[in-house]
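Everything on this sheet refers to the single structure shown next.
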Amino acid sequence: MDYVQIEKKWQEIWEKENRFVAPNNVEGKENKYILIEFPYPSGRGLHMGHCRSYTAIDAYARKKRLEGYNVMFPFGTDAYGLEAERTAIREHKAPQEIVERNIKTFQQQVRSIGMSIDWSRTINTCDPEYYKWTQWQFIQFFKHGLAEKREMTVNYCPNCGVLANEEVEDGTCCQCHAETTQKSKAQWVLKMTQYGERLADDLKDTDFMEHIKTSQINWIGKSEGVEVEFQIVGGGKFSIFTTCIETIYGITFMVVAPEAKLVDELKDRIENWSEVEEYRRATAKKSEFDRSELNKDKTGCILKGIKAINPVNGKEVPVYIGDFVIASYGTGAVMAVPTHDQRDYEFADKYGIEKIQVIEGDVSEKALEKYDYLGKGCKLINSEEFSGLTVEEAKKQITEKLVKLGVAEKKLNFKMRDWIFSRQRYWGEPIPMIHCEHCGWVPVPDDQLPVHLPKVESYEPTKDGESPLSLIEDWVATTCPHCGAPARRETDTMPGWAGSSWYFMRYCDANNSNEFASKEALSQWLPIDLYNGGNEHTTRHLLYARFWNKFLYDIGLSPVNEPFKRRISQGLILGSDGKKMSKSSGNGVDPLEVISNYSADALRLWMSFIGDYFESAVWNDDGVKACHKFLTRVERLQDILVDGDEISKDLEVAIHTAIKKVSQDMDNIKFNTAISALMILLNEINKVGKINHAEYKTLLTLLNPFAPHLTEELWTIQGYAPRICDMKWPTWNEEKLVKDEIEYAIQINNKIITRENFSTTATDKELEELSTTNPKVLESLNGKQIVKVIVIKNRLINIIAK
RNA sequence: GCCGAAGUGGCGAAACGGCAGACGCACACGACUCAAAAUCGUGCGGGAAACCAUGAGGGUUCGAGUCCCUCCUUCGGCACCA
């Protein structure tokens with residue numbers, strides 16, 4: 001059989017029949033929304049990683065369809081991205097052109113692996129009909145006070161402008177190799193931290209894989225603490241955030257972020273200004289990543305002449321700037337207690353600062369940190385009226401005192417930061433805002449959306465770090481929608497994450513031109529039953545999308561508080577060298593080549609059989625070969641096909657076992673063992689030497705989700721009606737699985753003495769009796785006293801003897 | 001550094017706290033064949049055996065690949081790649 005040819009044939013038939021189009025509503029059918037993350041349509045086309053998750057989840061979707069659900073399984077492309085922009089610059093082509101070409105390739109390739117996609121719902125984030133609504137939704141964020149322009153730090157190259165972290169290598173620009181610095185720039189931000197608590201807490205209502213929940217909770221990093229105001233001797237003040245207010249009597253210095261405005265305000269009073277300036281320059285060269293946790297060697301620079309006053313006891317302490325303090329995180333300043341924070345301990349040692357211990361314990365070698373003292377009844381010392389209290393009690397009382405003094409308030413702080421939503425790049429959705437001298441920032445009116453991304457001559461960011469859009473004067477110049485005065489358009493574009501934050505909603509109503517999706521359509525499909533995607537999207541994309549949906553939910557535009565019921569992540573496909581497949585490392589295998597050598601069905605089967613779906617797996621050609629062989633063995637069953645339209649006694653147990661195993665394993669995303677169950681069934685059939693039509697139909701149906709083309713073909717060859725995709729998923733009968741007898745391992749003190757068949761209906765008492773009177777057991781006991789008998793039903797009996 | 005995940009035969013891997021290695025690959029032998037390929041069949045962790053084996057070391061348990069603690073190694077993410 002020519003697999004390549006029959007696969008092409010069936011793909012065309014499915015397409016012509018609109019076989020996988022799912023209407024929003026079908027009488028008598030329950031909806032299931034199964035989603036794979038839409039890909040970025042890179043010029044390299046579909047890779048093995050895509051194939052693994054796409055084909056496995058396609059099998060899942062096909063099974064759900066056979067089970068009688070109305071399944072929506074859509075596909076689209078996330079077109080905005082740096083790669084298209086870089087290719088555009090390199091090839092002197094419009095990114096639109098490049099992306100269009102790539103999308104065609106992607107869709108073609110997705111068809112060629114036999115995906116059961118509803119193509120009537122296809123979307124593409126750079127389509128004006130789509131990004132119109134991305135822009136409209138941004139405006140809703142703005143109208144509800146969740147979008148604002150704020151000074152943020154960015155990577156800056158003197159030649160290429162603002163850079164992504166990815167574009168900075170060891171402090172130099174990856175394109176022109178000039179030295180990069182950190183620069184402050186006004187950026188649109190979405191106030192995601194306002195949703196921090198709900199994003200963490202509402203995970204309890206989802207069925208995400210446990211490690212995904214944990215990752216998100218850690219990323220959000222909610223901490224309860226106190227924000228305290230410190231006065232500066234001679235005037236001025238600043239605030240710090242701490243989760244360890246109980247250590248406040250141990251403060252011996254303070255550290256503020258080098259770029260803090262406070263430092264500029266104090267310039268005249270800082271005695272070592274040139275030294276401070278030098279330190280700030282050095283800091284500007286470091287990325288935030290280098291500055292924060294990666295860097296173990298904490299550095300700082302004292303602000304000579306500046307002292308902060310500890311509000312609890314009036315103690316005056318020195319103030320430093322230190323690059324490990326980040327301006328945009330927390331309040332951009334910290335209190336330092338060397339005895340109870342290891343970082344402060346090392347800093348104090350380095351700069352010869354005193355240490356005051358305030359919690360009992362050993363601090364001679366290293367700090368006694370909160371993990372060491374919390375919840376252990378440790379008591380405060382050297383803390384005036386709070387000495388002698390437990391840390392937990394002191395936390396409460398010290399906070400109360402500071403609040404009463406009017407210098408502190410309880411606060412929640414998040415590790416997660418607000419979402420920087422501006423990009424100074426061409427290839428993204430224009431941010432639909434207009435700046436008017438009189439009215440400030442004004443959104444583009446709805447009837448003028450979308451703000452089309454204009455064609456430009458050059459796609460490179462400008463040297464001053466603005467988007468290339470800023471060079472199109474007649475596009476930028478406009479009038480204020482509010483007062484009609486001359487005004488200017490925002491030239492920043494949105495990040496790639498924008499379009500992907502709500503695409504799952506658009507699928508529900510992809511061709512709606514009046515709204516982003518009707519509430520009715522959304523209600524029919526949301527929440528998504530199964531959302532599959534890469535582990536690399538666990539924290540960002542998945543949080544952005546949840547945040548975006550929560551906002552729409554709050555303003556009444558989304559029917560659900562949580563859009564994804566269940567989230568799973570596939571493991572990576574690695575090259576034969578054990579590294580992630582990529583073009584650069586030359587370990588890539590082209591799926592199309594595999595298809596033409598072995599067939600899409602063989603590839604699909606191998607992608608599911610290769611190993612546990614959630615673990616990474618090493619690609620291996622022999623595996624596809626083996627799966628191809630399995631398919632040809634199934635094909636050859638035609639030779640031993642006999643009459644019979646009921647499952648025969650010969651294969652009853654084998655078939656019901658397979659139905660149960662395949663059904664349950666697929667629901668539990670254990671595709672590899674589902675396939676092994678099919679292999680076991682095939683071996684069993686060959687042992688029996690014949691198969692009747694009822695049995696053959698059952699086998700083909702069970703195999704259909706994994707090998708849809710071959711099973712359609714074999715089904716049609718027999719002239720079975722209706723078509724296999726109209727079949728009902730087989731069910732198993734538990735009674736057919738119950739055997740009369742089962743083999744028990746009989747152990748004495750955990751060592752196997754013998755194996756015996758016992759009735760499956762025997763009670764524990766009977767099994768105990770049967771085993772302890774067994775001749776081999778009696779011989780091995782050799783007069784020892786039986787202490788206890790442990791009976792594990794259908795498995796083993798363990799006799800403990802002395 | 002921080003967060004997350006994973007370490008089981010020659011290889012990909014199975015295994016509700018209960019007989020470790022299902023299923024598959026590779027390999028070996030046999031059948032078919034003049035021969036080879038394909039196909040089919042048998043065997044296949046180590047050890048002569050007692051036994052020893054799930055990255056290393058401890059612990060809980062009648063019983064640990066699985067649960068707890070310490071450590072080692074590898075992979076993914078770390079906010080302007082998406």
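The way I read the labels, and the way they are meant: chains A, B, ... in the order of the structure tokens, residue 1 as the first residue of every chain, and ligand 1 as the first ligand shown, with later ones counted on from there.
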Q: Return as a ChimeraX atom specification the full set of residues in range 170-273 of chain A whose backbone-based DSSP assignment is strand (DSSP E).
A: /A:172-173,181-190,207-208,222-232,237-242,253-256
Counting only C-alpha atoms (C1' of nucleotides), give me one row per residue of chain A with an atom at most 7 Å from an atom of chain B, showing the shortest contact pair and its distance in Å to one decimal, sorted by chain then residue number, as JSON lines.
```
{"residue": "A:Tyr40", "atom": "CA", "partner": "B:A82", "partner_atom": "C1'", "distance": 6.6}
{"residue": "A:Gly81", "atom": "CA", "partner": "B:A82", "partner_atom": "C1'", "distance": 6.5}
{"residue": "A:Leu82", "atom": "CA", "partner": "B:C81", "partner_atom": "C1'", "distance": 6.6}
{"residue": "A:Leu163", "atom": "CA", "partner": "B:C80", "partner_atom": "C1'", "distance": 6.3}
{"residue": "A:Ala164", "atom": "CA", "partner": "B:C80", "partner_atom": "C1'", "distance": 3.8}
{"residue": "A:Asn165", "atom": "CA", "partner": "B:C80", "partner_atom": "C1'", "distance": 6.2}
{"residue": "A:Glu166", "atom": "CA", "partner": "B:C81", "partner_atom": "C1'", "distance": 6.4}
{"residue": "A:His211", "atom": "CA", "partner": "B:G4", "partner_atom": "C1'", "distance": 6.5}
{"residue": "A:Ser215", "atom": "CA", "partner": "B:G4", "partner_atom": "C1'", "distance": 6.1}
{"residue": "A:Asn218", "atom": "CA", "partner": "B:C3", "partner_atom": "C1'", "distance": 6.6}
{"residue": "A:Glu293", "atom": "CA", "partner": "B:G1", "partner_atom": "C1'", "distance": 4.8}
{"residue": "A:Leu294", "atom": "CA", "partner": "B:G1", "partner_atom": "C1'", "distance": 4.2}
{"residue": "A:Asn295", "atom": "CA", "partner": "B:G1", "partner_atom": "C1'", "distance": 6.7}
{"residue": "A:Lys296", "atom": "CA", "partner": "B:G1", "partner_atom": "C1'", "distance": 6.7}
{"residue": "A:Arg423", "atom": "CA", "partner": "B:C80", "partner_atom": "C1'", "distance": 6.8}
{"residue": "A:Gly496", "atom": "CA", "partner": "B:A82", "partner_atom": "C1'", "distance": 6.5}
{"residue": "A:Glu536", "atom": "CA", "partner": "B:G77", "partner_atom": "C1'", "distance": 6.0}
{"residue": "A:Ile610", "atom": "CA", "partner": "B:G12", "partner_atom": "C1'", "distance": 6.3}
{"residue": "A:Gly611", "atom": "CA", "partner": "B:A13", "partner_atom": "C1'", "distance": 6.2}
{"residue": "A:Asp622", "atom": "CA", "partner": "B:C25", "partner_atom": "C1'", "distance": 6.5}
{"residue": "A:Gly623", "atom": "CA", "partner": "B:C25", "partner_atom": "C1'", "distance": 6.7}
{"residue": "A:Ser676", "atom": "CA", "partner": "B:C23", "partner_atom": "C1'", "distance": 4.7}
{"residue": "A:Ala745", "atom": "CA", "partner": "B:C19", "partner_atom": "C1'", "distance": 6.1}
{"residue": "A:Asn749", "atom": "CA", "partner": "B:C62", "partner_atom": "C1'", "distance": 6.9}
{"residue": "A:Asn750", "atom": "CA", "partner": "B:G63", "partner_atom": "C1'", "distance": 6.6}
{"residue": "A:Ile792", "atom": "CA", "partner": "B:G18", "partner_atom": "C1'", "distance": 6.9}
{"residue": "A:Arg795", "atom": "CA", "partner": "B:G18", "partner_atom": "C1'", "distance": 7.0}
{"residue": "A:Leu796", "atom": "CA", "partner": "B:G18", "partner_atom": "C1'", "distance": 6.8}
{"residue": "A:Ile800", "atom": "CA", "partner": "B:C62", "partner_atom": "C1'", "distance": 6.4}
```
How would you write, as a short mmCIF file (atom, residue, chain, number, x, y, z; two decimals) with N, CA and C atoms, in the first residue's frame, the set of residues in range 553-735 of chain A that DSSP gives as alpha helix (DSSP H)?
```cif
data_model
loop_
_atom_site.label_atom_id
_atom_site.label_comp_id
_atom_site.auth_asym_id
_atom_site.auth_seq_id
_atom_site.Cartn_x
_atom_site.Cartn_y
_atom_site.Cartn_z
N TYR A 553 -13.17 39.43 32.10
CA TYR A 553 -14.23 38.88 32.96
C TYR A 553 -14.78 39.97 33.87
N ASP A 554 -13.86 40.75 34.44
CA ASP A 554 -14.29 41.81 35.37
C ASP A 554 -15.14 42.87 34.69
N PRO A 591 10.46 16.65 9.73
CA PRO A 591 9.26 15.80 9.77
C PRO A 591 8.77 15.41 8.37
N LEU A 592 8.91 16.34 7.41
CA LEU A 592 8.39 16.04 6.07
C LEU A 592 9.15 14.88 5.43
N GLU A 593 10.45 14.84 5.73
CA GLU A 593 11.26 13.76 5.20
C GLU A 593 10.82 12.42 5.80
N VAL A 594 10.57 12.46 7.12
CA VAL A 594 10.12 11.25 7.81
C VAL A 594 8.79 10.78 7.20
N ILE A 595 7.90 11.74 6.92
CA ILE A 595 6.60 11.38 6.35
C ILE A 595 6.78 10.72 4.99
N SER A 596 7.66 11.30 4.18
CA SER A 596 7.77 10.72 2.84
C SER A 596 8.50 9.36 2.88
N ASN A 597 9.32 9.14 3.90
CA ASN A 597 9.98 7.84 4.02
C ASN A 597 9.10 6.78 4.67
N TYR A 598 8.32 7.19 5.65
CA TYR A 598 7.60 6.19 6.45
C TYR A 598 6.09 6.39 6.53
N ALA A 600 2.88 9.60 7.51
CA ALA A 600 2.49 10.46 8.63
C ALA A 600 1.98 9.62 9.79
N ASP A 601 1.26 8.56 9.48
CA ASP A 601 0.74 7.71 10.55
C ASP A 601 1.87 7.10 11.38
N ALA A 602 2.93 6.67 10.71
CA ALA A 602 4.07 6.09 11.44
C ALA A 602 4.71 7.16 12.32
N LEU A 603 4.84 8.37 11.78
CA LEU A 603 5.40 9.47 12.56
C LEU A 603 4.51 9.76 13.76
N ARG A 604 3.20 9.83 13.52
CA ARG A 604 2.25 10.11 14.60
C ARG A 604 2.36 9.06 15.70
N LEU A 605 2.41 7.82 15.27
CA LEU A 605 2.47 6.72 16.22
C LEU A 605 3.75 6.80 17.06
N TRP A 606 4.83 7.06 16.39
CA TRP A 606 6.13 7.12 17.09
C TRP A 606 6.18 8.31 18.05
N MET A 607 5.61 9.45 17.65
CA MET A 607 5.61 10.62 18.51
C MET A 607 4.84 10.37 19.80
N SER A 608 3.89 9.45 19.73
CA SER A 608 3.15 9.12 20.95
C SER A 608 3.79 7.96 21.71
N PHE A 609 4.45 7.08 20.98
CA PHE A 609 5.02 5.89 21.60
C PHE A 609 6.41 6.15 22.17
N ASP A 621 15.43 7.24 14.61
CA ASP A 621 14.84 6.78 13.35
C ASP A 621 14.27 5.37 13.46
N ASP A 622 14.93 4.52 14.25
CA ASP A 622 14.48 3.13 14.38
C ASP A 622 13.07 3.06 14.94
N GLY A 623 12.73 4.06 15.74
CA GLY A 623 11.39 4.08 16.33
C GLY A 623 10.30 4.24 15.29
N VAL A 624 10.50 5.16 14.33
CA VAL A 624 9.49 5.35 13.28
C VAL A 624 9.41 4.07 12.46
N LYS A 625 10.57 3.47 12.20
CA LYS A 625 10.61 2.25 11.43
C LYS A 625 9.76 1.18 12.13
N ALA A 626 9.93 1.08 13.44
CA ALA A 626 9.18 0.08 14.22
C ALA A 626 7.68 0.36 14.14
N CYS A 627 7.32 1.64 14.20
CA CYS A 627 5.90 1.99 14.14
C CYS A 627 5.33 1.72 12.77
N HIS A 628 6.15 1.95 11.77
CA HIS A 628 5.72 1.63 10.40
C HIS A 628 5.48 0.12 10.29
N LYS A 629 6.36 -0.63 10.89
CA LYS A 629 6.22 -2.09 10.87
C LYS A 629 4.93 -2.52 11.56
N PHE A 630 4.63 -1.87 12.66
CA PHE A 630 3.39 -2.18 13.37
C PHE A 630 2.19 -1.94 12.44
N LEU A 631 2.22 -0.83 11.71
CA LEU A 631 1.10 -0.51 10.82
C LEU A 631 0.96 -1.56 9.71
N THR A 632 2.09 -2.02 9.18
CA THR A 632 1.99 -3.04 8.12
C THR A 632 1.47 -4.36 8.69
N ARG A 633 1.76 -4.62 9.95
CA ARG A 633 1.22 -5.83 10.58
C ARG A 633 -0.29 -5.71 10.74
N VAL A 634 -0.74 -4.52 11.06
CA VAL A 634 -2.19 -4.31 11.15
C VAL A 634 -2.81 -4.50 9.77
N GLU A 635 -2.14 -3.96 8.76
CA GLU A 635 -2.62 -4.07 7.39
C GLU A 635 -2.78 -5.54 7.01
N ARG A 636 -1.82 -6.36 7.42
CA ARG A 636 -1.81 -7.78 7.03
C ARG A 636 -2.91 -8.60 7.72
N GLU A 652 -12.02 -12.19 23.43
CA GLU A 652 -12.83 -11.37 24.33
C GLU A 652 -11.99 -10.62 25.37
N VAL A 653 -11.19 -11.36 26.13
CA VAL A 653 -10.41 -10.73 27.21
C VAL A 653 -9.42 -9.74 26.63
N ALA A 654 -8.73 -10.14 25.57
CA ALA A 654 -7.71 -9.27 24.97
C ALA A 654 -8.33 -7.97 24.48
N ILE A 655 -9.47 -8.07 23.83
CA ILE A 655 -10.08 -6.86 23.27
C ILE A 655 -10.63 -5.94 24.35
N HIS A 656 -11.33 -6.52 25.31
CA HIS A 656 -11.85 -5.66 26.39
C HIS A 656 -10.72 -5.04 27.20
N THR A 657 -9.65 -5.78 27.40
CA THR A 657 -8.48 -5.22 28.10
C THR A 657 -7.92 -4.04 27.32
N ALA A 658 -7.81 -4.22 26.00
CA ALA A 658 -7.24 -3.15 25.17
C ALA A 658 -8.15 -1.92 25.17
N ILE A 659 -9.47 -2.14 25.04
CA ILE A 659 -10.38 -0.99 25.03
C ILE A 659 -10.22 -0.18 26.32
N LYS A 660 -10.18 -0.90 27.43
CA LYS A 660 -10.08 -0.22 28.72
C LYS A 660 -8.76 0.55 28.83
N LYS A 661 -7.68 -0.14 28.49
CA LYS A 661 -6.35 0.46 28.63
C LYS A 661 -6.19 1.67 27.70
N VAL A 662 -6.57 1.52 26.45
CA VAL A 662 -6.42 2.63 25.49
C VAL A 662 -7.29 3.81 25.92
N SER A 663 -8.53 3.53 26.30
CA SER A 663 -9.45 4.60 26.70
C SER A 663 -8.91 5.37 27.89
N GLN A 664 -8.53 4.64 28.92
CA GLN A 664 -8.08 5.31 30.14
C GLN A 664 -6.75 6.01 29.94
N ASP A 665 -5.83 5.33 29.25
CA ASP A 665 -4.52 5.94 29.06
C ASP A 665 -4.61 7.21 28.23
N MET A 666 -5.45 7.22 27.22
CA MET A 666 -5.56 8.44 26.41
C MET A 666 -6.14 9.58 27.22
N ASP A 667 -7.13 9.30 28.04
CA ASP A 667 -7.69 10.36 28.88
C ASP A 667 -6.65 10.89 29.86
N PHE A 671 -0.11 8.32 26.24
CA PHE A 671 -0.23 7.82 24.88
C PHE A 671 0.70 6.63 24.64
N ASN A 672 1.87 6.65 25.27
CA ASN A 672 2.84 5.58 25.01
C ASN A 672 2.32 4.22 25.46
N THR A 673 1.68 4.18 26.62
CA THR A 673 1.18 2.89 27.09
C THR A 673 -0.12 2.51 26.38
N ALA A 674 -0.85 3.53 25.88
CA ALA A 674 -2.03 3.22 25.07
C ALA A 674 -1.60 2.45 23.83
N ILE A 675 -0.52 2.92 23.21
CA ILE A 675 -0.04 2.25 22.00
C ILE A 675 0.52 0.86 22.34
N SER A 676 1.18 0.75 23.46
CA SER A 676 1.70 -0.58 23.81
C SER A 676 0.54 -1.55 24.03
N ALA A 677 -0.59 -1.04 24.52
CA ALA A 677 -1.77 -1.91 24.68
C ALA A 677 -2.27 -2.39 23.32
N LEU A 678 -2.20 -1.50 22.32
CA LEU A 678 -2.61 -1.90 20.97
C LEU A 678 -1.66 -2.96 20.40
N MET A 679 -0.38 -2.82 20.72
CA MET A 679 0.61 -3.79 20.26
C MET A 679 0.38 -5.15 20.90
N ILE A 680 0.04 -5.11 22.19
CA ILE A 680 -0.24 -6.36 22.89
C ILE A 680 -1.45 -7.05 22.26
N LEU A 681 -2.47 -6.25 21.93
CA LEU A 681 -3.66 -6.80 21.29
C LEU A 681 -3.31 -7.44 19.95
N LEU A 682 -2.49 -6.74 19.18
CA LEU A 682 -2.09 -7.29 17.88
C LEU A 682 -1.35 -8.62 18.06
N ASN A 683 -0.45 -8.68 19.02
CA ASN A 683 0.28 -9.93 19.29
C ASN A 683 -0.69 -11.05 19.64
N GLU A 684 -1.67 -10.69 20.42
CA GLU A 684 -2.68 -11.66 20.85
C GLU A 684 -3.47 -12.18 19.64
N ILE A 685 -3.87 -11.27 18.76
CA ILE A 685 -4.63 -11.66 17.57
C ILE A 685 -3.81 -12.62 16.71
N ASN A 686 -2.53 -12.29 16.53
CA ASN A 686 -1.68 -13.15 15.73
C ASN A 686 -1.49 -14.52 16.36
N LYS A 687 -1.51 -14.54 17.67
CA LYS A 687 -1.39 -15.81 18.37
C LYS A 687 -2.63 -16.67 18.10
N VAL A 688 -3.80 -16.02 18.15
CA VAL A 688 -5.06 -16.73 17.88
C VAL A 688 -5.13 -17.13 16.40
N HIS A 693 -14.86 -9.65 11.81
CA HIS A 693 -15.12 -8.26 11.44
C HIS A 693 -15.37 -7.36 12.65
N ALA A 694 -16.10 -7.88 13.62
CA ALA A 694 -16.39 -7.06 14.81
C ALA A 694 -15.09 -6.70 15.52
N GLU A 695 -14.22 -7.68 15.62
CA GLU A 695 -12.94 -7.46 16.31
C GLU A 695 -12.05 -6.50 15.52
N TYR A 696 -12.06 -6.70 14.22
CA TYR A 696 -11.24 -5.86 13.32
C TYR A 696 -11.71 -4.41 13.41
N LYS A 697 -13.01 -4.21 13.38
CA LYS A 697 -13.57 -2.87 13.48
C LYS A 697 -13.15 -2.21 14.80
N THR A 698 -13.21 -2.99 15.86
CA THR A 698 -12.83 -2.44 17.17
C THR A 698 -11.37 -2.02 17.17
N LEU A 699 -10.52 -2.89 16.64
CA LEU A 699 -9.10 -2.56 16.60
C LEU A 699 -8.86 -1.30 15.77
N LEU A 700 -9.48 -1.22 14.60
CA LEU A 700 -9.27 -0.05 13.74
C LEU A 700 -9.75 1.23 14.43
N THR A 701 -10.88 1.13 15.14
CA THR A 701 -11.39 2.32 15.82
C THR A 701 -10.43 2.77 16.93
N LEU A 702 -9.91 1.80 17.67
CA LEU A 702 -8.97 2.15 18.74
C LEU A 702 -7.69 2.78 18.19
N LEU A 703 -7.32 2.34 17.00
CA LEU A 703 -6.08 2.83 16.40
C LEU A 703 -6.30 4.13 15.64
N PRO A 708 -4.96 7.88 11.63
CA PRO A 708 -6.27 8.14 11.02
C PRO A 708 -6.33 7.77 9.54
N HIS A 709 -5.21 7.94 8.82
CA HIS A 709 -5.27 7.68 7.37
C HIS A 709 -5.42 6.19 7.09
N LEU A 710 -4.52 5.40 7.64
CA LEU A 710 -4.52 3.96 7.36
C LEU A 710 -5.83 3.32 7.81
N THR A 711 -6.33 3.72 8.99
CA THR A 711 -7.55 3.09 9.48
C THR A 711 -8.75 3.46 8.61
N GLU A 712 -8.79 4.70 8.10
CA GLU A 712 -9.86 5.08 7.16
C GLU A 712 -9.79 4.18 5.93
N GLU A 713 -8.58 3.99 5.42
CA GLU A 713 -8.38 3.22 4.20
C GLU A 713 -8.79 1.76 4.40
N LEU A 714 -8.30 1.16 5.50
CA LEU A 714 -8.60 -0.26 5.74
C LEU A 714 -10.10 -0.46 5.96
N TRP A 715 -10.69 0.51 6.63
CA TRP A 715 -12.13 0.49 6.90
C TRP A 715 -12.90 0.51 5.58
N THR A 716 -12.47 1.40 4.69
CA THR A 716 -13.15 1.56 3.41
C THR A 716 -12.97 0.33 2.52
N ILE A 717 -11.77 -0.25 2.58
CA ILE A 717 -11.51 -1.46 1.80
C ILE A 717 -12.53 -2.55 2.13
N GLU A 734 -16.50 -4.62 32.06
CA GLU A 734 -15.61 -5.01 33.17
C GLU A 734 -15.74 -6.51 33.48
N GLU A 735 -16.95 -7.03 33.30
CA GLU A 735 -17.17 -8.45 33.62
C GLU A 735 -16.35 -9.38 32.74
#
```
Q. Which residues come within 12 Å of range 520-525 of chain A, counting only C-alpha atoms (C1' of nucleotides), excluding same-chain residues fewer than 5 positions away, as number ranges by chain?
A. A: 22-26, 29-35, 70-73, 502-512, 515, 530, 549, 552-553, 556-561, 563-565
**Q.** Contacts of range 219-234 of chain A at 6 Å (only C-alpha atoms (C1' of nucleotides); same-chain gap of 5+ positions) as a ChimeraX atom specification
**A.** /A:239-243,307-309,407-416
